[in-house]
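Working notes for the structure below.
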Amino acid sequence: MTLPHTGRALADAAPVSYWLDRPERPDALPSLSGAHAADLLVVGGGYAGLWTALLAKEADPDRDVLLVDAGTCGWAASGRNGGFCAASLTHGLANGVERFPGEIGELERLGRENLDAIAATVAKYDIDCDFERTGELAVAVEPYQLDGLAADAELARRYGHDVRLLDRDEVRAEVTSPTYLGGMWDADRVALLDPAKLAWGLRRAALDLGVRVHEHTRVTGLARDGAALLARTSGGADAAPGSVRARQVVLATNAFPPLLRRLRSWVVPVYDYALMTEPLTAAQRDAIGWRHRQGLADTGNQFHYYRLTADNRILFGGYDAIYHYGNRVAPALEQREATFTTLASHFFTTFPQLADVRFSHRWGGVIDTCTRFCAFFGTAYEGRLAYAAGFTGLGVGATRFGARVTLDLLSGTDTPLTRLDLVRRKPLPFPPEPARSVGINLTRWSLARADARDGRRNLWLRTLDRLGLGFDS
């Protein structure tokens with residue numbers, strides 16, 4: 001049901017990511033033109049590419065690192081997400097236990113170390129990205145979800161995590177919503193941050209260390225060139241085509257059309273959407289509580305994620321995950337009125353005491369997902385190129401780990417990271433079109449139906465569970 005004030009609340013929302021729509025956004029760097037050479041070429045200026053360039057330069061200051069991006073650093077998923085920086089490398093502990101039972105303890109340890117290292121980097125380079133180690137509160141909004149929360153809490157404690165189950169009164173004492181029936185507060189595995197400011201801060205840190213960065217530079221092709229790889233580029237309207245001859249290459253393009261054909265069967269791009277409110281007044285803050293500023297998510301198959309910003313706005317996103325036939329990616333798909341209306345209605349159902357709040361921004365963006373819902377890795381061109389993809393919405397944290405893996409893979413040596421099953425195994429592929437689109441949309445319909453039927457999974461979802469092949473919002 002659409003609430004009557006939903007349209008009014010959305011009327012003046014700017015169709016752009018709140019994070020990117022601010023004066024702090026740095027000026028673009030020049031496009032690349034002419035012929036260049038580098039020890040390491042990084043393709044993509046989101047988190048995955050920025051972490052790769054930064055870590056490579058930290059490890060070897062003499063390494064000549066060049067990074068290019070088709071837009072500007074952080075303009076895509078890295079500047080459009082919810083700012084949840086999670087320790088999990090496997091899209092949640094339960095998914096990791098199911099897919100990597102023999103090494104999930106090690107992956108959890110590595111994930112916690114990775115989150116600590118992100119916090120240390122933010123401090124080391126004085127990156128002003130509003131980093132808050134608040135944890136995350138998962139809430140049950142249907143009675144059947146309470147058993148799932150209890151099972152999640154038991155599993156988390158088994159691996160040494162600091163979690164606390166909350167009953168209805170306790171969870172509403174944390175955040176006041178008539179929809180909450182219970183909750184689980186995970187205190188140590190999620191930080192919140194300003195995602196665009198993190199990207200801009202990593203860019204600045206990389207530049208300060210000597211990384212060469214060229215924006216508005218699209219790589220149009222890769223080919224062998226003796227003992228190196230040659231990347232052909234096209235720049236902006238005023239830039240001539242260029243090239244980079246690099247001894248090694250890291251692909252960090254994630255959801256965008258890959259330069260390696262093999263990646264097309266493993267990755268699908270899906271669109272995720274979010275709203276941002278205007279800043280809350282003191283009275284509005286008092287009406288919802290939320291004194292501990294946790295990140296929040298409900299526990300349906302089609303779930304919402306939401307959090308407070310530094311200036312006390314509420315970001316409210318998720319629920320819909322939209323796939324377009326043929327892996328289509330286009331700027332026009334970043335706005336979807338039906339989804340914004342649905343999100344606004346759900347927001348006011350969650351917080352009816354905020355009925356007079358208006359939204360300042362509405363936006364969408366594309367994320368990369370794969371059938372195991374967490375990143376996979378590999379090499380090509382006789383080990384001269386490495387890639388990481390398939391982060392499925394948890395890239396704010398996991399991309400740093402992915403950067404470490406790709407650099408280890410390029411080293412050609414046996415390391416604790418390259419020995420991981422997570423790194424050595426690939427996800428099951430998605431089928432080609434039209435079966436891909438039919439399967440994904442049937443799965444989305446089935447997930448919505450399960451949410452409406454107390455979580456009961458139909459034959460299609462049970463079959464996907466057995467095959468280890470699926471789709472998640």
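A note on labels: chains of the structure tokens are A, B, ... as shown, every chain counts residues from 1, and ligands are counted from 1 in their shown order.
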Task: Distance query Arg168 in chain A at most 8 Å, only C-alpha atoms, self and fewer than 6 positions along chain excluded, as a list of chain:residue names - done: A:Tyr180, A:Leu181, A:Gly182, A:Gly183
Any chance you could export the current selection's N, CA and C atoms as a tab-separated table (two decimals), in the first residue's frame?
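The file below, again.tsv, is the result:
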chain	number	residue	atom	x	y	z
A	180	TYR	N	9.12	-3.58	14.54
A	180	TYR	CA	10.19	-4.45	15.05
A	180	TYR	C	9.64	-5.42	16.09
A	181	LEU	N	9.97	-6.70	15.87
A	181	LEU	CA	9.56	-7.76	16.79
A	181	LEU	C	10.73	-8.35	17.56
A	182	GLY	N	11.91	-8.08	17.14
A	182	GLY	CA	13.11	-8.58	17.79
A	182	GLY	C	14.31	-8.13	16.99
A	183	GLY	N	15.50	-8.38	17.53
A	183	GLY	CA	16.69	-7.95	16.81
A	183	GLY	C	17.93	-8.67	17.28
Fewer than 6 positions away in the same chain doesn't count, so skip those; otherwise give me all residues within 9 Å of Ala13 in chain A, counting only C-alpha atoms, as a PDB file with N, CA, C and O atoms, in the first residue's frame.
ATOM      1  N   LEU A 275      17.121   6.096  -0.998  1.00  0.00           N
ATOM      2  CA  LEU A 275      16.616   7.441  -0.712  1.00  0.00           C
ATOM      3  C   LEU A 275      17.423   8.038   0.430  1.00  0.00           C
ATOM      4  O   LEU A 275      17.935   7.312   1.288  1.00  0.00           O
ATOM      5  N   MET A 276      17.509   9.358   0.432  1.00  0.00           N
ATOM      6  CA  MET A 276      18.123  10.070   1.552  1.00  0.00           C
ATOM      7  C   MET A 276      17.154  11.139   2.032  1.00  0.00           C
ATOM      8  O   MET A 276      16.601  11.899   1.220  1.00  0.00           O
ATOM      9  N   THR A 277      16.939  11.194   3.336  1.00  0.00           N
ATOM     10  CA  THR A 277      16.047  12.214   3.893  1.00  0.00           C
ATOM     11  C   THR A 277      16.797  13.531   4.072  1.00  0.00           C
ATOM     12  O   THR A 277      18.028  13.598   4.030  1.00  0.00           O
ATOM     13  N   ARG A 358      10.825  14.775   4.533  1.00  0.00           N
ATOM     14  CA  ARG A 358      10.914  14.757   3.078  1.00  0.00           C
ATOM     15  C   ARG A 358      12.267  14.189   2.658  1.00  0.00           C
ATOM     16  O   ARG A 358      13.236  14.210   3.429  1.00  0.00           O
ATOM     17  N   PHE A 359      12.309  13.697   1.428  1.00  0.00           N
ATOM     18  CA  PHE A 359      13.539  13.135   0.890  1.00  0.00           C
ATOM     19  C   PHE A 359      14.269  14.181   0.056  1.00  0.00           C
ATOM     20  O   PHE A 359      13.667  14.876  -0.759  1.00  0.00           O
ATOM     21  N   SER A 360      15.588  14.264   0.257  1.00  0.00           N
ATOM     22  CA  SER A 360      16.385  15.245  -0.482  1.00  0.00           C
ATOM     23  C   SER A 360      17.012  14.656  -1.742  1.00  0.00           C
ATOM     24  O   SER A 360      17.295  15.386  -2.689  1.00  0.00           O
ATOM     25  N   HIS A 361      17.246  13.320  -1.757  1.00  0.00           N
ATOM     26  CA  HIS A 361      17.919  12.683  -2.882  1.00  0.00           C
ATOM     27  C   HIS A 361      17.325  11.292  -3.127  1.00  0.00           C
ATOM     28  O   HIS A 361      16.900  10.612  -2.182  1.00  0.00           O
ATOM     29  N   ARG A 362      17.331  10.886  -4.371  1.00  0.00           N
ATOM     30  CA  ARG A 362      16.926   9.529  -4.784  1.00  0.00           C
ATOM     31  C   ARG A 362      17.867   9.103  -5.898  1.00  0.00           C
ATOM     32  O   ARG A 362      18.152   9.860  -6.807  1.00  0.00           O
TER      33      ARG A 362
END
Open item on the list: Please determine, counting only C-alpha atoms, which residue among A:His292, A:Arg25, A:Arg313, A:His304 has the shortest atom-to-atom distance to His346 in chain A.
Closed with: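 Closest to His346 in chain A, using only C-alpha atoms: A:His304.
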List the neighbours of Ala297 in chain A out to 8 Å using only C-alpha atoms; skip same-chain residues closer than 5 positions along the sequence, and give me the result as an mmCIF file with N, CA, C and O atoms, in the first residue's frame.
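Wrote result_14.cif, looks like this:
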data_model
loop_
_atom_site.group_PDB
_atom_site.id
_atom_site.type_symbol
_atom_site.label_atom_id
_atom_site.label_comp_id
_atom_site.auth_asym_id
_atom_site.auth_seq_id
_atom_site.Cartn_x
_atom_site.Cartn_y
_atom_site.Cartn_z
ATOM 1 N N GLU A 136 26.008 -3.414 13.613
ATOM 2 C CA GLU A 136 24.777 -3.483 12.821
ATOM 3 C C GLU A 136 23.687 -4.175 13.621
ATOM 4 O O GLU A 136 23.944 -5.153 14.326
ATOM 5 N N LEU A 137 22.480 -3.667 13.484
ATOM 6 C CA LEU A 137 21.315 -4.227 14.146
ATOM 7 C C LEU A 137 20.408 -4.859 13.098
ATOM 8 O O LEU A 137 19.860 -4.165 12.238
ATOM 9 N N ALA A 138 20.296 -6.178 13.121
ATOM 10 C CA ALA A 138 19.371 -6.888 12.236
ATOM 11 C C ALA A 138 18.037 -7.014 12.956
ATOM 12 O O ALA A 138 17.994 -7.409 14.126
ATOM 13 N N VAL A 139 16.945 -6.664 12.274
ATOM 14 C CA VAL A 139 15.640 -6.646 12.927
ATOM 15 C C VAL A 139 14.680 -7.600 12.235
ATOM 16 O O VAL A 139 14.676 -7.740 11.005
ATOM 17 N N PHE A 303 15.362 -7.268 1.418
ATOM 18 C CA PHE A 303 15.591 -6.555 2.669
ATOM 19 C C PHE A 303 15.919 -5.088 2.427
ATOM 20 O O PHE A 303 16.354 -4.689 1.345
ATOM 21 N N HIS A 304 15.703 -4.301 3.458
ATOM 22 C CA HIS A 304 16.085 -2.892 3.465
ATOM 23 C C HIS A 304 17.328 -2.722 4.329
ATOM 24 O O HIS A 304 17.491 -3.404 5.338
ATOM 25 N N TYR A 305 18.182 -1.795 3.942
ATOM 26 C CA TYR A 305 19.292 -1.373 4.792
ATOM 27 C C TYR A 305 19.153 0.135 5.020
ATOM 28 O O TYR A 305 18.714 0.871 4.132
ATOM 29 N N TYR A 306 19.481 0.586 6.218
ATOM 30 C CA TYR A 306 19.346 2.006 6.498
ATOM 31 C C TYR A 306 20.268 2.415 7.630
ATOM 32 O O TYR A 306 20.671 1.588 8.445
#
- [ ] Skip Ala332 in chain A itself and residues of its chain fewer than 5 positions away, then list as JSON, numbers by chain all residues within 12 Å of it, counting only C-alpha atoms.
- [x] {"A": [15, 16, 271, 324, 337, 363, 364, 365, 366]}
TODO: Enter the distance from CA of Gly318 in chain A to CA of Ala77 in chain A, in Å, rounded to one decimal.
DONE: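 Interatomic distance here is 13.6 Å.
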TODO: Give me the residues within 12 Å of Trp200 in chain A as number ranges by chain, counting only C-alpha atoms and dropping any in the same chain fewer than 3 places off.
DONE: A: 19-20, 24-28, 45-47, 50-51, 72-75, 78-79, 122, 125-129, 194-197, 203-207
Selection file, C-alpha atoms, as a short mmCIF file (atom, residue, chain, number, x, y, z; two decimals), in the first residue's frame:
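As written to disk, result39.cif reads:
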data_model
loop_
_atom_site.label_atom_id
_atom_site.label_comp_id
_atom_site.auth_asym_id
_atom_site.auth_seq_id
_atom_site.Cartn_x
_atom_site.Cartn_y
_atom_site.Cartn_z
CA TRP A 19 27.21 11.33 -1.41
CA LEU A 20 28.35 12.67 -4.78
CA GLU A 24 33.78 18.39 -1.37
CA ARG A 25 33.88 16.43 -4.62
CA PRO A 26 37.40 16.88 -6.05
CA ASP A 27 38.07 18.18 -9.54
CA ALA A 28 38.57 15.55 -12.24
CA GLY A 45 38.91 3.83 -9.91
CA GLY A 46 36.38 2.49 -7.44
CA TYR A 47 37.35 0.94 -4.12
CA LEU A 50 42.05 2.44 -5.42
CA TRP A 51 42.95 -0.12 -2.77
CA THR A 72 36.02 9.80 -12.01
CA CYS A 73 37.23 7.88 -8.98
CA GLY A 74 34.28 6.81 -6.86
CA TRP A 75 31.57 7.87 -9.34
CA SER A 78 31.78 3.37 -4.53
CA GLY A 79 29.91 6.69 -4.41
CA VAL A 122 41.64 5.99 7.44
CA TYR A 125 46.09 9.11 5.82
CA ASP A 126 43.68 11.36 7.73
CA ILE A 127 40.75 10.40 5.51
CA ASP A 128 37.73 12.40 6.69
CA CYS A 129 34.99 9.87 5.87
CA ASP A 194 30.74 8.23 4.05
CA PRO A 195 31.44 6.15 0.93
CA ALA A 196 32.32 8.93 -1.50
CA LYS A 197 34.66 10.59 0.99
CA ARG A 203 42.52 8.71 -4.32
CA ARG A 204 44.35 11.50 -2.52
CA ALA A 205 46.48 9.03 -0.56
CA ALA A 206 47.40 7.15 -3.74
CA LEU A 207 48.34 10.36 -5.52
#
- [ ] Report the residues of range 26-240 of chain A whose backbone DSSP state falls under strand (DSSP E or B), written as a ChimeraX atom specification.
- [x] /A:34-43,65-68,84-86,132,136-140,163-166,175,182-186,190-192,212-214,218-225,228-234
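Shortest separation to Leu222 in chain A among A:Pro178, A:Gly148, A:Gly201, A:Pro258 occurs at residue A:Pro258, atoms counted being only C-alpha atoms.
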Task: All residues 9 Å or closer to Tyr381 in chain A, only C-alpha atoms, same chain fewer than 4 positions away omitted, as a PyMOL selection string - done: chain A and resi 223-224+229+385-386
How about saving the chosen residues, N, CA, C and O atoms kept, as a PDB file, in the first residue's frame?
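What ended up in again-v7.pdb:
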ATOM      1  N   ALA A 223      45.654  -6.450 -25.157  1.00  0.00           N
ATOM      2  CA  ALA A 223      46.314  -7.421 -26.037  1.00  0.00           C
ATOM      3  C   ALA A 223      47.723  -7.672 -25.528  1.00  0.00           C
ATOM      4  O   ALA A 223      48.315  -6.835 -24.823  1.00  0.00           O
ATOM      5  N   ARG A 224      48.274  -8.837 -25.869  1.00  0.00           N
ATOM      6  CA  ARG A 224      49.664  -9.125 -25.543  1.00  0.00           C
ATOM      7  C   ARG A 224      50.581  -8.210 -26.344  1.00  0.00           C
ATOM      8  O   ARG A 224      50.312  -7.894 -27.502  1.00  0.00           O
ATOM      9  N   LEU A 229      51.469  -6.329 -21.448  1.00  0.00           N
ATOM     10  CA  LEU A 229      50.129  -6.168 -22.010  1.00  0.00           C
ATOM     11  C   LEU A 229      49.974  -4.740 -22.486  1.00  0.00           C
ATOM     12  O   LEU A 229      50.495  -3.803 -21.860  1.00  0.00           O
ATOM     13  N   LEU A 385      47.748 -10.657 -15.708  1.00  0.00           N
ATOM     14  CA  LEU A 385      46.532  -9.920 -15.345  1.00  0.00           C
ATOM     15  C   LEU A 385      45.822 -10.669 -14.226  1.00  0.00           C
ATOM     16  O   LEU A 385      45.735 -11.896 -14.242  1.00  0.00           O
ATOM     17  N   ALA A 386      45.308  -9.911 -13.254  1.00  0.00           N
ATOM     18  CA  ALA A 386      44.518 -10.482 -12.165  1.00  0.00           C
ATOM     19  C   ALA A 386      43.230  -9.684 -12.021  1.00  0.00           C
ATOM     20  O   ALA A 386      43.162  -8.513 -12.398  1.00  0.00           O
TER      21      ALA A 386
END
TODO: For CA of Leu464 in chain A and CA of Arg449 in chain A, determine how far apart the two atoms are, in Å to one decimal place.
DONE: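 Computed distance, CA of Leu464 in chain A to CA of Arg449 in chain A, equals 15.3 Å.
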Open item on the list: Nearest residue to Gly317 in chain A out of A:Ile118, A:Val175, A:Ala287, A:Ala344, using only C-alpha atoms?
Closed with: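 Closest candidate: A:Ala344.
Counting only C-alpha atoms, the residue from A:Asp421, A:Arg404, A:Tyr18, A:Arg245 that sits nearest to Ile314 in chain A is A:Tyr18.
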Open item on the list: Which residue is closest to Gly439 in chain A? Choose from A:Ala53, A:Leu343, A:Tyr323, A:Asn458 and count only C-alpha atoms.
Closed with: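 Closest candidate: A:Tyr323.
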Open item on the list: For a quick check of understanding, using only C-alpha atoms, which of A:Leu40, A:Cys85, A:Ile440, A:Val171 has the smallest distance to Ile288 in chain A?
Closed with: A:Val171
TODO: Just give me the gap between CA of Ala153 in chain A and CA of Leu166 in chain A in Å, one decimal is fine.
DONE: 10.5 Å
Open item on the list: Can you tell me, as a ChimeraX atom specification, which residues in range 198-426 of chain A count as helix (DSSP H, G or I) by DSSP?
Closed with: /A:198-209,261-265,282-288,325-327,331-334,337-350,352-354,395-411,421-424
